[in-house]
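Q: I am sharing coords_15.pdb, which consists of PDB, C-alpha atoms:
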```pdb
MODEL        1
ATOM      1  CA  SER A   3     103.230 123.610  88.153
ATOM      2  CA  THR A   4     100.387 125.860  89.150
ATOM      3  CA  ALA A   5      97.014 126.228  87.516
ATOM      4  CA  GLY A   6      95.120 129.260  86.391
ATOM      5  CA  GLY A   7      91.732 130.465  87.549
ATOM      6  CA  ASP A   8      90.716 131.390  91.069
ATOM      7  CA  GLY A   9      88.324 128.563  91.891
ATOM      8  CA  GLY A  10      90.154 128.025  95.185
ATOM      9  CA  ALA A  11      91.466 131.543  95.772
ATOM     10  CA  ARG A  12      89.008 132.464  98.533
ATOM     11  CA  LEU A  13      89.339 129.205 100.445
ATOM     12  CA  GLU A  14      91.868 128.437 103.156
ATOM     13  CA  PRO A  15      94.304 126.815 103.053
ATOM     14  CA  ARG A  16      94.768 127.640  99.385
ATOM     15  CA  VAL A  17      96.897 126.238  96.604
ATOM     16  CA  PRO A  18     100.035 128.385  96.170
ATOM     17  CA  THR A  19     100.303 130.258  92.880
ATOM     18  CA  ASP A  20     104.030 129.499  92.470
ATOM     19  CA  SER A  21     107.122 128.392  94.417
ATOM     20  CA  ASP A  22     107.652 131.818  96.025
ATOM     21  CA  ASP A  23     104.049 131.863  97.231
ATOM     22  CA  MET A  24     104.445 128.299  98.572
ATOM     23  CA  VAL A  25     107.633 129.171 100.480
ATOM     24  CA  ALA A  26     106.022 132.290 101.999
ATOM     25  CA  ALA A  27     102.983 130.263 103.123
ATOM     26  CA  ALA A  28     105.198 127.486 104.522
ATOM     27  CA  ALA A  29     107.348 129.955 106.491
ATOM     28  CA  ARG A  30     104.246 131.678 107.864
ATOM     29  CA  SER A  31     102.792 128.322 108.916
ATOM     30  CA  VAL A  32     106.067 127.206 110.561
ATOM     31  CA  ARG A  33     106.239 130.410 112.572
ATOM     32  CA  THR A  34     102.560 130.175 113.610
ATOM     33  CA  ALA A  35     103.108 126.595 114.792
ATOM     34  CA  LEU A  36     106.286 127.582 116.664
ATOM     35  CA  GLU A  37     104.424 130.398 118.447
ATOM     36  CA  ALA A  38     101.884 127.743 119.493
ATOM     37  CA  GLY A  39     104.702 125.709 121.059
ATOM     38  CA  VAL A  40     105.403 123.251 118.218
ATOM     39  CA  ALA A  41     109.223 123.167 117.970
ATOM     40  CA  ARG A  42     109.474 119.922 115.932
ATOM     41  CA  GLN A  43     107.872 120.209 112.502
ATOM     42  CA  THR A  44     107.673 118.581 109.087
ATOM     43  CA  VAL A  45     107.171 120.659 105.941
ATOM     44  CA  GLU A  46     106.188 118.937 102.677
ATOM     45  CA  LEU A  47     107.043 121.113  99.679
ATOM     46  CA  HIS A  48     106.130 120.434  96.063
ATOM     47  CA  ILE A  49     109.338 120.511  94.026
ATOM     48  CA  PRO A  50     108.621 121.680  90.447
ATOM     49  CA  LEU A  51     109.985 119.447  87.697
ATOM     50  CA  PRO A  52     113.217 120.594  85.992
ATOM     51  CA  PRO A  53     112.498 122.850  82.987
ATOM     52  CA  GLU A  54     114.291 120.407  80.665
ATOM     53  CA  THR A  55     111.805 117.608  81.512
ATOM     54  CA  SER A  56     110.129 116.271  78.378
ATOM     55  CA  PRO A  57     106.912 114.204  77.997
ATOM     56  CA  GLU A  58     108.931 111.118  76.963
ATOM     57  CA  ASP A  59     110.831 111.005  80.249
ATOM     58  CA  LEU A  60     109.836 107.918  82.204
ATOM     59  CA  ASP A  61     111.614 109.349  85.245
ATOM     60  CA  PRO A  62     111.557 113.147  85.524
ATOM     61  CA  TRP A  63     114.365 112.911  88.133
ATOM     62  CA  PRO A  64     117.031 110.672  86.545
ATOM     63  CA  GLY A  65     119.571 112.017  89.036
ATOM     64  CA  GLY A  66     117.483 110.755  91.971
ATOM     65  CA  LEU A  67     117.543 112.406  95.401
ATOM     66  CA  PRO A  68     120.686 114.515  94.769
ATOM     67  CA  GLN A  69     119.021 116.083  91.709
ATOM     68  CA  ILE A  70     115.794 116.734  93.628
ATOM     69  CA  ALA A  71     117.856 118.339  96.420
ATOM     70  CA  GLU A  72     119.368 120.787  93.897
ATOM     71  CA  TYR A  73     115.898 122.189  93.235
ATOM     72  CA  ALA A  74     114.592 121.767  96.791
ATOM     73  CA  LEU A  75     117.504 123.402  98.620
ATOM     74  CA  PRO A  76     116.803 127.027  97.562
ATOM     75  CA  LEU A  77     113.149 126.582  98.628
ATOM     76  CA  ALA A  78     114.111 125.061 101.999
ATOM     77  CA  ARG A  79     116.738 127.764 102.584
ATOM     78  CA  GLU A  80     114.274 130.590 101.950
ATOM     79  CA  CYS A  81     111.571 128.897 104.032
ATOM     80  CA  LEU A  82     113.896 128.679 107.051
ATOM     81  CA  ARG A  83     115.161 132.248 106.655
ATOM     82  CA  LYS A  84     111.604 133.621 106.496
ATOM     83  CA  ALA A  85     110.337 131.449 109.364
ATOM     84  CA  VAL A  86     113.062 132.511 111.804
ATOM     85  CA  LYS A  87     112.519 135.726 113.758
ATOM     86  CA  GLY A  88     115.315 138.062 112.647
ATOM     87  CA  GLY A  89     116.644 135.368 110.300
ATOM     88  CA  THR A  90     119.240 136.464 107.739
ATOM     89  CA  ASN A  91     122.137 134.201 106.749
ATOM     90  CA  VAL A  92     121.650 130.450 106.421
ATOM     91  CA  GLN A  93     124.615 128.091 106.855
ATOM     92  CA  GLU A  94     124.606 124.642 105.244
ATOM     93  CA  VAL A  95     126.336 121.292 105.729
ATOM     94  CA  VAL A  96     125.848 118.336 103.384
ATOM     95  CA  LEU A  97     125.074 115.263 105.518
ATOM     96  CA  SER A  98     124.751 112.795 102.630
ATOM     97  CA  ARG A  99     125.497 113.532  98.984
ATOM     98  CA  ASP A 100     123.865 110.259  97.862
ATOM     99  CA  ASP A 101     120.608 111.088  99.668
ATOM    100  CA  GLY A 102     120.693 114.814  98.863
ATOM    101  CA  CYS A 103     120.442 115.386 102.625
ATOM    102  CA  VAL A 104     121.499 118.852 103.806
ATOM    103  CA  GLN A 105     121.492 120.416 107.272
ATOM    104  CA  LEU A 106     120.705 124.148 107.464
ATOM    105  CA  TYR A 107     121.197 126.556 110.364
ATOM    106  CA  CYS A 108     119.748 130.058 110.665
ATOM    107  CA  GLN A 109     120.732 132.499 113.397
ATOM    108  CA  GLY A 110     117.785 134.368 114.864
ATOM    109  CA  GLU A 111     117.267 137.653 116.696
ATOM    110  CA  THR A 112     118.223 135.968 119.973
ATOM    111  CA  PRO A 113     119.868 132.550 120.609
ATOM    112  CA  ALA A 114     116.412 131.184 121.483
ATOM    113  CA  ASP A 115     115.267 132.102 117.945
ATOM    114  CA  ASP A 116     118.070 130.114 116.247
ATOM    115  CA  ALA A 117     116.697 127.254 114.163
ATOM    116  CA  MET A 118     117.807 124.167 112.254
ATOM    117  CA  LEU A 119     116.371 122.393 109.225
ATOM    118  CA  ILE A 120     117.194 119.060 107.589
ATOM    119  CA  LEU A 121     116.337 118.570 103.923
ATOM    120  CA  GLN A 122     115.459 115.003 102.858
ATOM    121  CA  PRO A 123     116.591 113.140 106.017
ATOM    122  CA  GLY A 124     116.674 109.387 105.398
ATOM    123  CA  ALA A 125     117.759 106.125 107.023
ATOM    124  CA  GLU A 126     121.442 106.869 106.286
ATOM    125  CA  THR A 127     121.293 110.184 108.161
ATOM    126  CA  PHE A 128     119.079 109.046 111.054
ATOM    127  CA  ASP A 129     121.967 109.294 113.555
ATOM    128  CA  GLU A 130     122.545 112.936 112.600
ATOM    129  CA  LEU A 131     118.807 113.650 112.944
ATOM    130  CA  ARG A 132     118.682 111.981 116.354
ATOM    131  CA  GLN A 133     121.739 113.867 117.625
ATOM    132  CA  LEU A 134     120.489 117.196 116.286
ATOM    133  CA  ASP A 135     117.087 116.637 117.891
ATOM    134  CA  GLY A 136     118.858 116.272 121.243
ATOM    135  CA  ALA A 137     121.194 119.221 120.709
ATOM    136  CA  VAL A 138     118.579 121.742 119.544
ATOM    137  CA  GLY A 139     116.558 121.469 122.748
ATOM    138  CA  GLU A 140     113.500 123.735 122.737
ATOM    139  CA  ARG A 141     114.527 125.590 119.594
ATOM    140  CA  LEU A 142     113.003 124.977 116.168
ATOM    141  CA  LEU A 143     113.946 121.907 114.118
ATOM    142  CA  VAL A 144     112.174 121.472 110.762
ATOM    143  CA  LEU A 145     112.347 118.451 108.454
ATOM    144  CA  VAL A 146     111.633 119.168 104.787
ATOM    145  CA  ASN A 147     110.451 116.251 102.625
ATOM    146  CA  PRO A 148     111.756 113.492 104.936
ATOM    147  CA  LYS A 149     112.352 110.030 103.436
ATOM    148  CA  ILE A 150     111.704 108.059 106.623
ATOM    149  CA  VAL A 151     108.291 107.162 107.997
ATOM    150  CA  GLY A 152     109.131 105.568 111.341
ATOM    151  CA  PRO A 153     111.169 102.731 112.895
ATOM    152  CA  GLN A 154     110.290 100.453 109.939
ATOM    153  CA  SER A 155     112.351 102.703 107.641
ATOM    154  CA  LEU A 156     115.542 102.018 109.594
ATOM    155  CA  GLY A 157     115.875  98.229 109.484
ATOM    156  CA  LEU A 158     117.008  96.009 112.346
ATOM    157  CA  PHE A 159     120.205  97.828 113.270
ATOM    158  CA  GLN A 160     118.558 100.819 114.921
ATOM    159  CA  GLY A 161     116.216  98.778 117.170
ATOM    160  CA  ALA A 162     116.661 100.208 120.671
ATOM    161  CA  VAL A 163     117.814 103.638 119.486
ATOM    162  CA  SER A 164     114.851 104.134 117.138
ATOM    163  CA  LYS A 165     112.385 102.880 119.762
ATOM    164  CA  ASP A 166     113.656 105.529 122.149
ATOM    165  CA  PHE A 167     113.447 108.214 119.438
ATOM    166  CA  PHE A 168     110.002 107.385 118.034
ATOM    167  CA  LYS A 169     108.511 106.215 121.374
ATOM    168  CA  GLY A 170     106.049 103.868 119.679
ATOM    169  CA  GLY A 171     104.912 106.415 117.093
ATOM    170  CA  THR A 172     105.898 107.571 113.606
ATOM    171  CA  LEU A 173     108.007 110.466 112.359
ATOM    172  CA  ARG A 174     104.835 112.521 111.830
ATOM    173  CA  ASP A 175     103.880 111.951 115.479
ATOM    174  CA  LYS A 176     107.205 113.398 116.614
ATOM    175  CA  PHE A 177     107.497 115.984 113.800
ATOM    176  CA  PRO A 178     103.896 116.874 112.864
ATOM    177  CA  VAL A 179     103.237 118.274 109.386
ATOM    178  CA  THR A 180     102.705 122.025 109.761
ATOM    179  CA  TYR A 181     102.672 122.810 106.024
ATOM    180  CA  CYS A 182     101.978 120.719 102.949
ATOM    181  CA  ALA A 183     101.664 121.519  99.242
ATOM    182  CA  GLN A 184     101.489 118.324  97.208
ATOM    183  CA  GLU A 185     100.471 117.400  93.679
ATOM    184  CA  SER A 186      99.304 113.870  92.910
ATOM    185  CA  SER A 187      97.058 111.833  90.668
ATOM    186  CA  CYS A 188      93.891 110.199  91.990
ATOM    187  CA  ARG A 189      91.538 108.342  89.647
ATOM    188  CA  SER A 190      93.354 110.086  86.762
ATOM    189  CA  GLU A 191      92.502 113.485  88.274
ATOM    190  CA  ASP A 192      95.207 116.071  88.910
ATOM    191  CA  VAL A 193      94.829 116.619  92.673
ATOM    192  CA  ARG A 194      96.364 119.239  94.991
ATOM    193  CA  LEU A 195      96.597 118.649  98.732
ATOM    194  CA  VAL A 196      97.297 121.665 100.949
ATOM    195  CA  HIS A 197      97.680 122.119 104.698
ATOM    196  CA  GLU A 198      98.569 125.075 106.872
ATOM    197  CA  TYR A 199      98.923 124.957 110.632
ATOM    198  CA  GLY A 200      95.640 125.926 112.289
ATOM    199  CA  LYS A 201      93.723 125.966 108.981
ATOM    200  CA  GLY A 202      93.194 122.247 108.432
ATOM    201  CA  TRP A 203      93.643 120.280 105.199
ATOM    202  CA  ARG A 204      92.048 120.892 101.833
ATOM    203  CA  ALA A 205      92.019 118.907  98.586
ATOM    204  CA  TYR A 206      91.507 120.493  95.169
ATOM    205  CA  TYR A 207      91.387 119.191  91.615
ATOM    206  CA  VAL A 208      92.453 120.845  88.378
ATOM    207  CA  ASP A 209      89.543 120.995  85.956
ATOM    208  CA  ASP A 210      90.140 120.770  82.187
ATOM    209  CA  ALA A 211      93.938 120.583  82.399
ATOM    210  CA  GLU A 212      95.489 118.826  79.406
ATOM    211  CA  PHE A 213      98.539 116.596  79.642
ATOM    212  CA  GLU A 214     101.151 115.125  77.362
ATOM    213  CA  GLY A 215     102.726 112.367  79.412
ATOM    214  CA  GLN A 216     103.660 113.946  82.746
ATOM    215  CA  ASN A 217     103.714 117.499  81.423
ATOM    216  CA  MET A 218     100.759 119.838  81.736
ATOM    217  CA  ILE A 219     100.427 121.568  78.356
ATOM    218  CA  SER A 220      97.407 123.706  79.153
ATOM    219  CA  GLU A 221      96.531 124.734  82.672
ATOM    220  CA  GLY A 222      93.054 124.315  84.059
ATOM    221  CA  THR A 223      91.110 125.866  86.899
ATOM    222  CA  ILE A 224      91.755 124.826  90.496
ATOM    223  CA  LEU A 225      88.488 123.834  92.175
ATOM    224  CA  PRO A 226      87.814 122.479  95.695
ATOM    225  CA  LEU A 227      86.871 118.829  96.201
ATOM    226  CA  HIS A 228      84.953 119.582  99.435
ATOM    227  CA  ASP A 229      83.334 122.512 101.254
ATOM    228  CA  ASP A 230      84.837 122.610 104.744
ATOM    229  CA  PRO A 231      88.498 122.110 105.672
ATOM    230  CA  LEU A 232      89.391 118.588 106.853
ATOM    231  CA  ASP A 233      90.727 118.152 110.403
ATOM    232  CA  ALA A 234      93.206 115.454 109.409
ATOM    233  CA  ARG A 235      95.212 114.492 106.342
ATOM    234  CA  PRO A 236      93.017 112.425 103.986
ATOM    235  CA  SER A 237      94.270 108.961 103.045
ATOM    236  CA  TYR A 238      94.434 107.962  99.377
ATOM    237  CA  GLU A 239      91.154 106.074  99.832
ATOM    238  CA  GLU A 240      89.504 109.146 101.335
ATOM    239  CA  LEU A 241      90.792 111.267  98.439
ATOM    240  CA  GLN A 242      89.276 108.734  96.046
ATOM    241  CA  GLU A 243      85.925 109.043  97.807
ATOM    242  CA  LEU A 244      86.072 112.855  97.573
ATOM    243  CA  VAL A 245      86.896 112.652  93.850
ATOM    244  CA  ILE A 246      84.078 110.164  93.149
ATOM    245  CA  GLU A 247      81.556 112.190  95.161
ATOM    246  CA  LYS A 248      82.484 115.473  93.485
ATOM    247  CA  LEU A 249      83.146 114.397  89.904
ATOM    248  CA  LYS A 250      81.047 111.214  89.565
ATOM    249  CA  LEU A 251      82.514 110.224  86.189
ATOM    250  CA  PRO A 252      86.216 109.569  85.490
ATOM    251  CA  VAL A 253      87.994 112.289  83.520
ATOM    252  CA  TYR A 254      88.283 110.234  80.307
ATOM    253  CA  VAL A 255      84.490 109.610  80.285
ATOM    254  CA  ARG A 256      83.859 113.335  80.762
ATOM    255  CA  LYS A 257      86.225 114.144  77.893
ATOM    256  CA  MET A 258      84.495 111.591  75.613
ATOM    257  CA  ARG A 259      81.084 113.080  76.432
ATOM    258  CA  GLU A 260      82.354 116.603  75.802
ATOM    259  CA  ALA A 261      83.793 115.499  72.457
ATOM    260  CA  GLY A 262      80.463 113.871  71.554
ATOM    261  CA  GLU A 263      78.553 117.052  72.348
ATOM    262  CA  LYS A 264      80.713 119.210  70.077
TER     263      LYS A 264
ENDMDL
END
```
As structure tokens, how would this structure be written, given the file I've shared?

A:
Amino acid sequence: STAGGDGGARLEPRVPTDSDDMVAAAARSVRTALEAGVARQTVELHIPLPPETSPEDLDPWPGGLPQIAEYALPLARECLRKAVKGGTNVQEVVLSRDDGCVQLYCQGETPADDAMLILQPGAETFDELRQLDGAVGERLLVLVNPKIVGPQSLGLFQGAVSKDFFKGGTLRDKFPVTYCAQESSCRSEDVRLVHEYGKGWRAYYVDDAEFEGQNMISEGTILPLHDDPLDARPSYEELQELVIEKLKLPVYVRKMREAGEK
């Protein structure tokens, strides 16, 4: 979901207004990073909840990763097509139905512009990721919403192979995040985290949004939690500090005070 108002409209990176805006920003960021020599990238897209989701739903994704992939695949497909120079048709191969993991290929203007993308790579499809990483060479390989963090995600069986792949680091070290649009809750605040390559990270909160369960029933205004872009992704603890510093009182206390003043 997106929120109304333009509290964050002039700031960069900004919160996308909808899925199309998010995909356009992600593709732009991927291409900017590629032009700067970053051929291995991670893109973290916010996947909007299915329209049939109701406030009573304990799990908005009862179908798990395959259901999420249904909604994520069109976004990933369009992101790749727009990011690739001369990109038109996108070919797809399902790597794991259970994990909703799909491999996408887009032909570019020249063979050097050809690019690959893997949606929701996980432990079960690590071999395919590793082989593709070797085969792609200097061309672009993007991971969208990966489900592995590093060697610890793979268990004991991938020991030597994963050590060679990760080289002592994590997935984000090997495939740095070049675009992020995430929604989360922090101290009961509705928080947006956004990152574009070369523009840093920025956290926003949605002021005066009203919820019924997980569903936003009236949209609020998106406002920044800090003045200058952050150089690195904030941890949950750092987000908490930003929320406390900016908003002082928890949202339920603010609502009680507002109610008392009416």

Q: Once the PyMOL selection byres ((chain A and resi 134-141) around 9) is applied to the coordinates I shared, what remains selected? I want it as a ChimeraX atom specification.

A: /A:36,41-42,113-118,129-133,142-143

Q: By how many Å are CA of Leu67 in chain A and CA of Phe177 in chain A apart?

A: 21.3 Å

Q: Using the chain letters and numbers from the file, give me the residues hit by the PyMOL selection byres ((chain A and resi 121) around 9), as a ChimeraX atom specification.

A: /A:71,74-75,78,102-106,119-120,122-123,144-148

Q: With distances taken over only C-alpha atoms, which of A:Cys81, A:Leu156, A:Val40, A:Leu51 is nearest to Asp22 in chain A?

A: A:Cys81

Q: Would you kindly return, as number ranges by chain, each protein, DNA or RNA residue with an atom no farther than 8 Å from any atom of range 166-172 of chain A, considering only C-alpha atoms and excluding same-chain residues fewer than 5 positions away?

A: A: 132, 151-153

Q: Go through A:Lys165, A:Lys87, A:Arg174, A:Arg189 and flag the residue nearest Val245 in chain A, using only C-alpha atoms for the distances.

A: A:Arg189

Q: Report as a ChimeraX atom specification the full result of the PyMOL selection byres ((chain A and resi 27) around 12) when it is applied to this structure.

A: /A:14-26,28-34,45-47,77,80-82,84-85,180-183,196-199,201

Q: Measuring atom to atom with all atoms listed in the file, identify which of A:Ser186, A:Arg83, A:Gly88, A:Gly157 is nearest to Tyr107 in chain A.

A: A:Arg83

Q: Could you state the separation of CA of Thr112 in chain A and CA of Thr44 in chain A in Å, given to one decimal place?

A: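 Interatomic distance here is 23.1 Å.
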
Q: Between CA of Arg194 in chain A and CA of Gly65 in chain A, measure the distance and give it in Å to one decimal.

A: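 A separation of 25.0 Å between them.
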
Q: So which residues touch Tyr207 in chain A within 10 Å, counting all atoms listed in the file, skipping near sequence neighbours fewer than 5 positions away, as a VMD selection string?

A: chain A and resid 5 9 to 10 185 to 188 191 to 195 222 to 227 245 248 to 249

Q: Could you tell me which of A:His228, A:Asp100, A:Arg204, A:Pro50 comes closest to Pro68 in chain A if we count only C-alpha atoms?

A: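 For Pro68 in chain A, the nearest of the candidates is A:Asp100.
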
Q: Between A:Asp175, A:Asp233, A:Glu111, A:Glu72, which one has atoms that come closest to Gly200 in chain A, using only C-alpha atoms?

A: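 Residue with the minimum atom-to-atom distance to Gly200 in chain A: A:Asp233.
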
Q: May I ask which of the residues A:Thr127, A:Trp203, A:Lys250, A:Pro52 is the closest one to Val179 in chain A, counting all atoms listed in the file?

A: A:Trp203
